[in-house]
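Shown next: structure19.cif, given as mmCIF, C-alpha atoms.
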data_final
#
loop_
_atom_site.label_atom_id
_atom_site.label_comp_id
_atom_site.auth_asym_id
_atom_site.auth_seq_id
_atom_site.Cartn_x
_atom_site.Cartn_y
_atom_site.Cartn_z
CA MET A 1473 19.70 -12.75 15.19
CA ASN A 1474 21.39 -9.51 16.23
CA TRP A 1475 18.57 -7.08 16.98
CA ASN A 1476 20.97 -4.15 17.44
CA ASP A 1477 22.16 -4.56 13.84
CA THR A 1478 18.56 -4.80 12.63
CA TYR A 1479 17.48 -1.65 14.44
CA ASN A 1480 20.61 0.26 13.41
CA VAL A 1481 19.60 -0.37 9.79
CA GLU A 1482 16.02 0.74 10.52
CA LEU A 1483 17.31 3.81 12.36
CA ASP A 1484 19.39 4.78 9.32
CA ASN A 1485 16.37 4.22 7.06
CA PHE A 1486 14.23 6.45 9.27
CA LYS A 1487 16.84 9.22 9.32
CA ASN A 1488 17.39 9.06 5.56
CA PHE A 1489 13.93 8.22 4.23
CA GLY A 1490 11.44 8.68 7.10
CA ASP A 1491 10.68 4.95 7.07
CA PRO A 1492 9.78 3.80 10.63
CA GLY A 1493 10.45 0.16 9.81
CA ALA A 1494 8.37 -3.00 9.85
CA GLU A 1495 5.53 -3.71 12.22
CA TRP A 1496 6.17 -7.06 13.91
CA PHE A 1497 3.74 -9.72 12.58
CA GLY A 1498 2.26 -7.11 10.23
CA HIS A 1499 -0.10 -4.16 10.62
CA GLY A 1500 -3.22 -6.33 10.78
CA ILE A 1501 -2.43 -7.95 14.12
CA GLY A 1502 -1.65 -4.55 15.64
CA VAL A 1503 -5.11 -3.36 14.60
CA LYS A 1504 -6.67 -6.48 16.14
CA MET A 1505 -4.75 -5.93 19.37
CA ILE A 1506 -6.04 -2.37 19.62
CA LYS A 1507 -9.63 -3.47 18.95
CA CYS A 1508 -9.23 -6.13 21.63
CA ILE A 1509 -8.00 -3.53 24.11
CA GLN A 1510 -10.89 -1.21 23.32
CA SER A 1511 -13.50 -3.97 23.54
CA ASN A 1512 -12.25 -6.26 26.30
CA CYS A 1513 -9.96 -4.29 28.64
CA LYS A 1514 -11.73 -2.39 31.37
CA ILE A 1515 -9.16 0.39 31.49
CA SER A 1516 -9.33 4.14 31.13
CA LEU A 1517 -7.29 6.27 28.75
CA GLU A 1518 -5.16 7.32 31.73
CA ASP A 1519 -4.31 3.81 32.98
CA PRO A 1520 -0.63 2.81 32.57
CA ILE A 1521 0.18 0.48 29.67
CA LEU A 1522 3.54 -1.23 29.04
CA ASP A 1523 4.83 -2.70 25.77
CA VAL A 1524 7.53 -5.30 26.53
CA GLY A 1525 10.05 -5.38 23.69
CA CYS A 1526 8.51 -2.34 22.05
CA GLY A 1527 10.94 -2.16 19.12
CA ASN A 1528 10.03 0.88 17.01
CA ALA A 1529 7.02 1.59 19.28
CA LEU A 1530 4.50 1.65 16.42
CA LEU A 1531 1.87 -0.07 18.58
CA LEU A 1532 2.32 2.56 21.30
CA THR A 1533 2.08 5.44 18.82
CA GLN A 1534 -1.21 4.02 17.53
CA LEU A 1535 -2.55 3.84 21.10
CA ALA A 1536 -1.40 7.40 21.76
CA LYS A 1537 -3.33 8.64 18.73
CA LEU A 1538 -6.46 7.02 20.19
CA GLY A 1539 -6.08 9.06 23.37
CA PHE A 1540 -4.21 6.69 25.69
CA SER A 1541 -1.99 8.96 27.71
CA ASN A 1542 0.12 6.83 30.06
CA LEU A 1543 2.23 4.67 27.75
CA TYR A 1544 5.56 2.97 28.40
CA GLY A 1545 7.86 0.96 26.15
CA ILE A 1546 10.95 -1.03 27.07
CA ASP A 1547 13.49 -2.82 24.88
CA TYR A 1548 16.93 -4.22 25.60
CA SER A 1549 18.21 -2.90 22.25
CA ALA A 1550 19.60 0.64 22.48
CA PRO A 1551 19.17 1.25 18.70
CA ALA A 1552 15.52 0.15 18.98
CA VAL A 1553 14.86 2.66 21.76
CA LYS A 1554 16.69 5.36 19.81
CA LEU A 1555 14.56 4.61 16.72
CA ALA A 1556 11.38 4.61 18.81
CA ASN A 1557 12.27 7.95 20.38
CA SER A 1558 12.96 9.41 16.92
CA ILE A 1559 9.56 8.24 15.64
CA VAL A 1560 7.73 9.52 18.72
CA LYS A 1561 9.48 12.90 18.46
CA ASP A 1562 8.78 13.12 14.72
CA GLN A 1563 5.08 12.48 15.35
CA LYS A 1564 5.06 15.02 18.21
CA ILE A 1565 3.74 12.51 20.75
CA GLU A 1566 4.49 13.44 24.35
CA ASN A 1567 2.79 10.71 26.40
CA ILE A 1568 5.10 7.76 25.64
CA THR A 1569 8.03 6.97 27.94
CA LEU A 1570 10.71 4.76 26.37
CA LYS A 1571 13.52 3.04 28.21
CA GLU A 1572 16.43 0.75 27.39
CA PHE A 1573 15.72 -2.18 29.69
CA ASP A 1574 16.56 -5.90 29.67
CA PHE A 1575 13.39 -7.64 30.82
CA LEU A 1576 15.25 -10.73 32.04
CA THR A 1577 18.22 -9.21 33.85
CA ASP A 1578 17.22 -5.69 34.94
CA ASP A 1579 15.18 -5.16 38.11
CA VAL A 1580 11.49 -4.76 37.23
CA LYS A 1581 10.92 -3.21 40.66
CA THR A 1582 12.48 -0.03 39.23
CA LEU A 1583 9.48 0.23 36.88
CA PRO A 1584 5.95 1.31 37.85
CA THR A 1585 3.12 -1.22 37.84
CA PHE A 1586 0.65 -1.40 34.97
CA SER A 1587 -3.00 -2.02 34.20
CA LEU A 1588 -2.08 -3.66 30.89
CA VAL A 1589 1.10 -5.29 29.58
CA LEU A 1590 1.54 -5.99 25.86
CA ASP A 1591 3.85 -8.47 24.15
CA LYS A 1592 4.04 -8.94 20.40
CA GLY A 1593 6.83 -11.44 19.75
CA THR A 1594 9.14 -10.85 22.72
CA TYR A 1595 8.17 -14.07 24.48
CA ASP A 1596 8.93 -15.90 21.23
CA VAL A 1597 12.46 -14.50 21.10
CA ILE A 1598 13.05 -15.40 24.76
CA SER A 1599 11.69 -18.91 24.18
CA MET A 1600 14.06 -19.61 21.29
CA GLU A 1601 17.05 -19.17 23.60
CA ASP A 1602 15.63 -21.05 26.59
CA GLU A 1603 16.31 -24.79 26.67
CA ASN A 1604 15.79 -25.18 30.43
CA LYS A 1605 12.79 -22.84 30.80
CA GLU A 1606 14.62 -20.51 33.21
CA LYS A 1607 14.10 -17.45 31.01
CA ARG A 1608 10.42 -18.21 30.46
CA THR A 1609 9.93 -18.63 34.20
CA ARG A 1610 11.66 -15.31 34.89
CA TYR A 1611 9.59 -13.66 32.16
CA LYS A 1612 6.31 -14.86 33.68
CA GLU A 1613 7.35 -13.82 37.18
CA ASN A 1614 8.22 -10.34 35.91
CA ILE A 1615 4.91 -9.97 34.07
CA ILE A 1616 3.07 -10.93 37.27
CA ASP A 1617 5.11 -8.46 39.35
CA LEU A 1618 4.52 -5.61 36.91
CA LEU A 1619 0.76 -6.06 36.72
CA GLN A 1620 -1.56 -4.36 39.14
CA PRO A 1621 -4.27 -6.51 40.83
CA ASN A 1622 -6.61 -7.83 38.12
CA GLY A 1623 -4.25 -6.40 35.51
CA MET A 1624 -4.45 -7.54 31.89
CA PHE A 1625 -1.78 -9.22 29.74
CA LEU A 1626 -2.13 -9.32 25.94
CA ILE A 1627 0.35 -11.60 24.18
CA VAL A 1628 0.82 -12.45 20.51
CA SER A 1629 3.02 -15.42 19.61
CA CYS A 1630 4.07 -17.19 16.42
CA ASN A 1631 5.90 -19.98 18.26
CA TRP A 1632 3.29 -21.19 20.75
CA THR A 1633 -0.23 -22.48 20.18
CA GLN A 1634 -3.18 -21.18 22.15
CA LEU A 1635 -3.20 -24.37 24.22
CA GLU A 1636 0.53 -24.11 24.96
CA LEU A 1637 0.21 -20.49 26.09
CA ASN A 1638 -2.68 -21.44 28.36
CA GLU A 1639 -0.59 -24.23 29.85
CA GLN A 1640 2.30 -21.87 30.52
CA PHE A 1641 0.32 -18.95 31.94
CA GLY A 1642 -2.85 -20.63 33.21
CA ASP A 1643 -1.70 -20.97 36.82
CA ALA A 1644 -1.48 -17.19 37.21
CA PHE A 1645 -3.91 -15.87 34.59
CA GLN A 1646 -7.38 -16.53 33.24
CA VAL A 1647 -8.31 -16.18 29.58
CA VAL A 1648 -10.48 -13.14 28.87
CA HIS A 1649 -10.48 -13.15 25.08
CA THR A 1650 -8.84 -14.96 22.18
CA ILE A 1651 -8.18 -12.88 19.07
CA PRO A 1652 -9.04 -14.69 15.80
CA THR A 1653 -5.93 -15.14 13.65
CA PRO A 1654 -5.31 -16.64 10.18
CA SER A 1655 -5.53 -20.43 10.07
CA PHE A 1656 -3.92 -23.07 7.86
CA GLN A 1657 -4.42 -26.76 7.18
CA PHE A 1658 -1.65 -29.32 6.95
CA GLY A 1659 -1.98 -33.10 6.89
CA GLY A 1660 -5.64 -32.89 7.85
CA ALA A 1661 -4.91 -30.78 10.95
CA VAL A 1662 -5.93 -27.14 11.28
CA GLY A 1663 -3.68 -24.61 13.02
CA ASN A 1664 -3.13 -20.87 13.34
CA THR A 1665 -0.21 -18.80 12.13
CA LEU A 1666 -0.40 -16.72 15.32
CA SER A 1667 -1.80 -17.13 18.82
CA ALA A 1668 -3.17 -13.95 20.38
CA THR A 1669 -4.67 -13.99 23.86
CA LEU A 1670 -5.82 -11.49 26.45
CA TYR A 1671 -5.32 -12.75 29.99
CA GLN A 1672 -6.26 -11.31 33.37
CA LYS A 1673 -4.06 -11.72 36.43
CA LEU A 1674 -5.62 -13.95 39.08
#
Written form, structure tokens:
Amino acid sequence: MNWNDTYNVELDNFKNFGDPGAEWFGHGIGVKMIKCIQSNCKISLEDPILDVGCGNALLLTQLAKLGFSNLYGIDYSAPAVKLANSIVKDQKIENITLKEFDFLTDDVKTLPTFSLVLDKGTYDVISMEDENKEKRTRYKENIIDLLQPNGMFLIVSCNWTQLELNEQFGDAFQVVHTIPTPSFQFGGAVGNTLSATLYQKL
């Protein structure tokens, strides 16, 4: 999937019709993420928060409207960052910093450190192109480096189960909260359409 083409279409739609585009995994999970942050993250409104693979930055704009004032978004897609900046400007939000940044190849040491890092689908995209686990390993190392001591990491995935996420991140993080997500039943087994977990850095 070419994300630049996708976001170029959404950018045109925003310019022509004021449509900010789709919210990844739907609006409902974004609401649940925000409730999780408010209820389970011991952070202030001034603490720095990063959205990895922010896309159109709709999650960040929702946090800004709740009073969070130190918000960052990165995305490797230039059209995505351009769209996000257009939305933020249109909504007259001044406390979101957006940057074109490749999370796997750019140097994370050029970024500040954060109290909370968010991921809604980016790890899934990385995982789909990662047969030998190198990209996932780099991803985890970068998340660890970007988090302040005892920092929080909230991830939503449609590709990995809760157990699989715990296996992949459990050596560096402890589970703080699991967000309830829609379930389904197939062949007598019950599963979830999404896995959504708040971790704390060990």
Distance in Å - atom CA of Gly1623 of chain A versus atom CA of Gln1672 of chain A: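 These two atoms are separated by 5.7 Å.
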Selection under test: the PyMOL selection byres ((chain A and resi 1517) around 7); residues as number ranges by chain: A: 1515-1516, 1518-1519, 1539-1541
Residue selection dump (C-alpha atoms) as a PDB file, in the frame of the given file:
ATOM      1  CA  ILE A1515      -9.160   0.390  31.490  1.00  0.00           C
ATOM      2  CA  SER A1516      -9.330   4.140  31.130  1.00  0.00           C
ATOM      3  CA  GLU A1518      -5.160   7.320  31.730  1.00  0.00           C
ATOM      4  CA  ASP A1519      -4.310   3.810  32.980  1.00  0.00           C
ATOM      5  CA  GLY A1539      -6.080   9.060  23.370  1.00  0.00           C
ATOM      6  CA  PHE A1540      -4.210   6.690  25.690  1.00  0.00           C
ATOM      7  CA  SER A1541      -1.990   8.960  27.710  1.00  0.00           C
TER       8      SER A1541
END
Selected by the PyMOL selection byres ((chain A and resi 1533) around 12) in the shown coordinates: which residues, as a PDB file with C-alpha atoms, keeping the file's coordinate frame?
ATOM      1  CA  PRO A1492       9.780   3.800  10.630  1.00  0.00           C
ATOM      2  CA  GLU A1495       5.530  -3.710  12.220  1.00  0.00           C
ATOM      3  CA  GLY A1502      -1.650  -4.550  15.640  1.00  0.00           C
ATOM      4  CA  ILE A1506      -6.040  -2.370  19.620  1.00  0.00           C
ATOM      5  CA  ASP A1523       4.830  -2.700  25.770  1.00  0.00           C
ATOM      6  CA  CYS A1526       8.510  -2.340  22.050  1.00  0.00           C
ATOM      7  CA  GLY A1527      10.940  -2.160  19.120  1.00  0.00           C
ATOM      8  CA  ASN A1528      10.030   0.880  17.010  1.00  0.00           C
ATOM      9  CA  ALA A1529       7.020   1.590  19.280  1.00  0.00           C
ATOM     10  CA  LEU A1530       4.500   1.650  16.420  1.00  0.00           C
ATOM     11  CA  LEU A1531       1.870  -0.070  18.580  1.00  0.00           C
ATOM     12  CA  LEU A1532       2.320   2.560  21.300  1.00  0.00           C
ATOM     13  CA  GLN A1534      -1.210   4.020  17.530  1.00  0.00           C
ATOM     14  CA  LEU A1535      -2.550   3.840  21.100  1.00  0.00           C
ATOM     15  CA  ALA A1536      -1.400   7.400  21.760  1.00  0.00           C
ATOM     16  CA  LYS A1537      -3.330   8.640  18.730  1.00  0.00           C
ATOM     17  CA  LEU A1538      -6.460   7.020  20.190  1.00  0.00           C
ATOM     18  CA  GLY A1539      -6.080   9.060  23.370  1.00  0.00           C
ATOM     19  CA  PHE A1540      -4.210   6.690  25.690  1.00  0.00           C
ATOM     20  CA  SER A1541      -1.990   8.960  27.710  1.00  0.00           C
ATOM     21  CA  ASN A1542       0.120   6.830  30.060  1.00  0.00           C
ATOM     22  CA  LEU A1543       2.230   4.670  27.750  1.00  0.00           C
ATOM     23  CA  TYR A1544       5.560   2.970  28.400  1.00  0.00           C
ATOM     24  CA  GLY A1545       7.860   0.960  26.150  1.00  0.00           C
ATOM     25  CA  ALA A1556      11.380   4.610  18.810  1.00  0.00           C
ATOM     26  CA  ASN A1557      12.270   7.950  20.380  1.00  0.00           C
ATOM     27  CA  SER A1558      12.960   9.410  16.920  1.00  0.00           C
ATOM     28  CA  ILE A1559       9.560   8.240  15.640  1.00  0.00           C
ATOM     29  CA  VAL A1560       7.730   9.520  18.720  1.00  0.00           C
ATOM     30  CA  LYS A1561       9.480  12.900  18.460  1.00  0.00           C
ATOM     31  CA  ASP A1562       8.780  13.120  14.720  1.00  0.00           C
ATOM     32  CA  GLN A1563       5.080  12.480  15.350  1.00  0.00           C
ATOM     33  CA  LYS A1564       5.060  15.020  18.210  1.00  0.00           C
ATOM     34  CA  ILE A1565       3.740  12.510  20.750  1.00  0.00           C
ATOM     35  CA  GLU A1566       4.490  13.440  24.350  1.00  0.00           C
ATOM     36  CA  ASN A1567       2.790  10.710  26.400  1.00  0.00           C
ATOM     37  CA  ILE A1568       5.100   7.760  25.640  1.00  0.00           C
ATOM     38  CA  THR A1569       8.030   6.970  27.940  1.00  0.00           C
ATOM     39  CA  LEU A1570      10.710   4.760  26.370  1.00  0.00           C
TER      40      LEU A1570
END
Chain and number of each residue from the PyMOL selection byres ((chain A and resi 1643) around 12), as a VMD selection string: chain A and resid 1612 to 1613 1616 1637 to 1642 1644 to 1647 1671 to 1674
Point-to-point distance in Å for atom CA of Met1600 of chain A and atom CA of Val1648 of chain A: 26.5 Å
For segment 1501-1521 of chain A, which lacks atoms in the input, supply N, CA and C atoms and format the output as a PDB file, keeping the file's coordinate frame.
ATOM      1  N   ILE A1501      -2.324  -7.456  12.753  1.00  0.00           N
ATOM      2  CA  ILE A1501      -2.430  -7.950  14.120  1.00  0.00           C
ATOM      3  C   ILE A1501      -2.380  -6.800  15.120  1.00  0.00           C
ATOM      4  N   GLY A1502      -1.655  -5.732  14.776  1.00  0.00           N
ATOM      5  CA  GLY A1502      -1.650  -4.550  15.640  1.00  0.00           C
ATOM      6  C   GLY A1502      -3.037  -3.934  15.743  1.00  0.00           C
ATOM      7  N   VAL A1503      -3.737  -3.877  14.613  1.00  0.00           N
ATOM      8  CA  VAL A1503      -5.110  -3.360  14.600  1.00  0.00           C
ATOM      9  C   VAL A1503      -6.016  -4.237  15.462  1.00  0.00           C
ATOM     10  N   LYS A1504      -5.858  -5.554  15.333  1.00  0.00           N
ATOM     11  CA  LYS A1504      -6.670  -6.480  16.140  1.00  0.00           C
ATOM     12  C   LYS A1504      -6.377  -6.335  17.626  1.00  0.00           C
ATOM     13  N   MET A1505      -5.113  -6.124  17.966  1.00  0.00           N
ATOM     14  CA  MET A1505      -4.750  -5.930  19.370  1.00  0.00           C
ATOM     15  C   MET A1505      -5.431  -4.689  19.939  1.00  0.00           C
ATOM     16  N   ILE A1506      -5.419  -3.620  19.166  1.00  0.00           N
ATOM     17  CA  ILE A1506      -6.040  -2.370  19.620  1.00  0.00           C
ATOM     18  C   ILE A1506      -7.551  -2.548  19.784  1.00  0.00           C
ATOM     19  N   LYS A1507      -8.180  -3.219  18.833  1.00  0.00           N
ATOM     20  CA  LYS A1507      -9.630  -3.470  18.950  1.00  0.00           C
ATOM     21  C   LYS A1507      -9.932  -4.321  20.175  1.00  0.00           C
ATOM     22  N   CYS A1508      -9.059  -5.284  20.455  1.00  0.00           N
ATOM     23  CA  CYS A1508      -9.230  -6.130  21.630  1.00  0.00           C
ATOM     24  C   CYS A1508      -9.131  -5.297  22.907  1.00  0.00           C
ATOM     25  N   ILE A1509      -8.164  -4.407  22.951  1.00  0.00           N
ATOM     26  CA  ILE A1509      -8.000  -3.530  24.110  1.00  0.00           C
ATOM     27  C   ILE A1509      -9.240  -2.670  24.315  1.00  0.00           C
ATOM     28  N   GLN A1510      -9.733  -2.093  23.224  1.00  0.00           N
ATOM     29  CA  GLN A1510     -10.890  -1.210  23.320  1.00  0.00           C
ATOM     30  C   GLN A1510     -12.154  -1.962  23.732  1.00  0.00           C
ATOM     31  N   SER A1511     -12.272  -3.212  23.310  1.00  0.00           N
ATOM     32  CA  SER A1511     -13.500  -3.970  23.540  1.00  0.00           C
ATOM     33  C   SER A1511     -13.489  -4.807  24.819  1.00  0.00           C
ATOM     34  N   ASN A1512     -12.309  -5.258  25.243  1.00  0.00           N
ATOM     35  CA  ASN A1512     -12.250  -6.260  26.300  1.00  0.00           C
ATOM     36  C   ASN A1512     -11.467  -5.843  27.547  1.00  0.00           C
ATOM     37  N   CYS A1513     -10.727  -4.754  27.473  1.00  0.00           N
ATOM     38  CA  CYS A1513      -9.960  -4.290  28.640  1.00  0.00           C
ATOM     39  C   CYS A1513     -10.730  -3.182  29.337  1.00  0.00           C
ATOM     40  N   LYS A1514     -11.015  -3.403  30.598  1.00  0.00           N
ATOM     41  CA  LYS A1514     -11.730  -2.390  31.370  1.00  0.00           C
ATOM     42  C   LYS A1514     -10.715  -1.403  31.956  1.00  0.00           C
ATOM     43  N   ILE A1515     -10.143  -0.598  31.063  1.00  0.00           N
ATOM     44  CA  ILE A1515      -9.160   0.390  31.490  1.00  0.00           C
ATOM     45  C   ILE A1515      -9.547   1.755  30.920  1.00  0.00           C
ATOM     46  N   SER A1516      -9.077   2.784  31.592  1.00  0.00           N
ATOM     47  CA  SER A1516      -9.330   4.140  31.130  1.00  0.00           C
ATOM     48  C   SER A1516      -8.173   4.592  30.246  1.00  0.00           C
ATOM     49  N   LEU A1517      -8.343   5.721  29.600  1.00  0.00           N
ATOM     50  CA  LEU A1517      -7.290   6.270  28.750  1.00  0.00           C
ATOM     51  C   LEU A1517      -6.066   6.683  29.555  1.00  0.00           C
ATOM     52  N   GLU A1518      -6.258   6.871  30.874  1.00  0.00           N
ATOM     53  CA  GLU A1518      -5.160   7.320  31.730  1.00  0.00           C
ATOM     54  C   GLU A1518      -4.416   6.157  32.392  1.00  0.00           C
ATOM     55  N   ASP A1519      -4.948   4.949  32.315  1.00  0.00           N
ATOM     56  CA  ASP A1519      -4.310   3.810  32.980  1.00  0.00           C
ATOM     57  C   ASP A1519      -2.959   3.496  32.316  1.00  0.00           C
ATOM     58  N   PRO A1520      -1.970   3.088  33.121  1.00  0.00           N
ATOM     59  CA  PRO A1520      -0.630   2.810  32.570  1.00  0.00           C
ATOM     60  C   PRO A1520      -0.582   1.523  31.759  1.00  0.00           C
ATOM     61  N   ILE A1521       0.039   1.610  30.584  1.00  0.00           N
ATOM     62  CA  ILE A1521       0.180   0.480  29.670  1.00  0.00           C
ATOM     63  C   ILE A1521       1.657   0.313  29.321  1.00  0.00           C
TER      64      ILE A1521
END
